[in-house]
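Student: My questions all concern the structure below.
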Amino acid sequence: MNTAKDVTRPIFPFSAIVGQEEMKLALILNVIDPKIGGVMIMGDRGTGKSTTIRAIADLLPEIEVVQDDLFNSHASDYELMTDSVKQVLEKGQNLNTSWIKVPMVDLPLGATEDRVCGTIDIEKALNEGIKTFEPGLLARANRGILYVDEVNLLDDHLVDVLLDSAASGWNTVEREGISVRHPARFVLVGSGNPEEGELRPQLLDRFGMHAEIRTVREPSLRVQIVEQRSKFDSNPYLCLQEFQEKQQELKNIIIRAQTILPKTIIDYSLRVKISAVCGELDVDGLRGDIVINRAAKAFAAYNEREKVEVEDIKQVIVLCLRHRLRKDPLDTVDSGSKVKQVFQSIFD
């Protein structure tokens, strides 16, 4: 008699990805501090955007969730649990928990608002007085990563809904006077090809970071990438074994950085200079200032330091600002040269 085995499809290891350092750094920093606000990755077709995003999710340590909870509720953090779990705790009852891999949710291009946010069964609510909620993709993505490929082709209203939830950490669904709210704390990752059009500046500004990736031109690097991929395709488990130590090392660095982050500080003088750069570049609003401060702290924590240095800011400032300089929808996103120039003049 054959027994069914739980076979999970092997994922290409994150530490085996060659090049694309900007994209990898943006993803790691968002995982260390999800409050950075997600990352928009724009680049040519076939440059490994989807592979890298799936790889970072697979690399992350497992999370503890309340058993049989559809929202991946945390067992002790009130910000990451549903009202029903809170009620159980308030009654002094015990919660059963289990460990799961960090959720990685793909949002299909044709998804409706109901599919994304979830739906309330109005008929049942009116006839039986029972509030029945069918969770959507935002519920599944809580405490994980929500990935939108070709985000620049997604309906603007849906992008707005995603960005609202990512910023607040909560999803609220209202139908016919009935309201349901649940935690939706996730890292929002969007990717797209600039040839197919950019996002509107107002929406683009709400992504914490913007990473640009280009096709590798150097022949030796291209050969290395092809060989790495061929090796994985022919024997994925051998490839995973080869990179197991590097994967574990990176996982430990991320866990340590998450622990160091709350203690990380940034001097007042550096914060003033960050704001001076934003002012000089005529960045609208204060989102740019906030994201640079967060990202610099995350980068310092990633390097096992509790105090932000100028070099930390230098490493993240282009990622945080290049997409905020575009005022006209017809303009292209700055490559980063303008940001580097102003940074140099103010920090030096």
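As shown in the structure tokens, the chain order sets the letters A, B, ...; within each chain, residues go from 1, and ligands are also counted from 1 in the order they appear.
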As a VMD selection string, please: the residues near Asn72 of chain A (cut-off 7 Å, only C-alpha atoms, same-chain neighbours under 5 positions excluded).
Tutor: chain A and resid 65 to 66 142
Student: Could you save the residues just selected, with N, CA, C and O atoms, as a compact mmCIF listing (two decimals), in the first residue's frame?
Tutor:
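The result, written out as out.txt:
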# COMPACT_ATOMS: atom_id res chain seq x y z
N VAL A 65 1.87 30.29 14.35
CA VAL A 65 0.52 30.83 14.12
C VAL A 65 -0.49 30.07 14.99
O VAL A 65 -0.24 28.95 15.42
N VAL A 66 -1.64 30.71 15.21
CA VAL A 66 -2.73 30.05 15.92
C VAL A 66 -3.29 28.96 15.01
O VAL A 66 -3.61 29.22 13.85
N ASN A 142 -1.17 37.68 5.45
CA ASN A 142 -0.80 38.26 6.74
C ASN A 142 0.46 37.59 7.30
O ASN A 142 0.56 36.38 7.34
Student: List as JSON lines every residue of segment 94-209 of chain A that is in contact with segment 55-63 of chain A, defined as an atom at most 6 Å from one of its atoms (using only C-alpha atoms), together with the nearest atom pair and the distance in Å rounded to one decimal, sorted by chain and then rising number.
Tutor:
{"residue": "A:Trp99", "atom": "CA", "partner": "A:Ile63", "partner_atom": "CA", "distance": 5.5}
{"residue": "A:Ile100", "atom": "CA", "partner": "A:Glu62", "partner_atom": "CA", "distance": 5.4}
{"residue": "A:Lys101", "atom": "CA", "partner": "A:Glu62", "partner_atom": "CA", "distance": 4.6}
{"residue": "A:Val102", "atom": "CA", "partner": "A:Glu62", "partner_atom": "CA", "distance": 5.8}
Student: Residues of segment 86-189 of chain A that have any atom at most 10 Å from an atom of segment 201-217 of chain A: could you tabulate them with the shortest-distance atom pair and the distance in Å to one decimal, using only C-alpha atoms, ordered by chain and increasing number, as a tab-separated table?
Tutor:
residue	atom	partner	partner_atom	distance
A:Asn152	CA	A:Leu204	CA	9.5
A:Asp156	CA	A:Leu203	CA	8.0
A:His157	CA	A:Leu203	CA	9.9
A:Val159	CA	A:Leu203	CA	7.5
A:Asp160	CA	A:Leu203	CA	7.1
A:Leu163	CA	A:Arg206	CA	6.9
A:Asp164	CA	A:Arg206	CA	9.0
A:Ala166	CA	A:Phe207	CA	9.5
A:Ala167	CA	A:Arg206	CA	8.6
A:Leu188	CA	A:Phe207	CA	8.2
A:Val189	CA	A:Phe207	CA	8.7
Student: Write out as a list in words each polymer residue whose atoms come within 10 Å of Gly285 of chain A, counting only C-alpha atoms; drop sequence neighbours fewer than 4 positions from it.
Tutor: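 So, after excluding close chain neighbours, the residues are Asp205, Cys278, Gly279, Asp289, Ile290 and Arg324 of chain A.
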Student: Using only C-alpha atoms, find the one residue out of A:Ser73, A:Ser179, A:Ser165, A:Gln341 that sits nearest to Thr97 of chain A.
Tutor: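 Closest to Thr97 of chain A, using only C-alpha atoms: A:Ser73.
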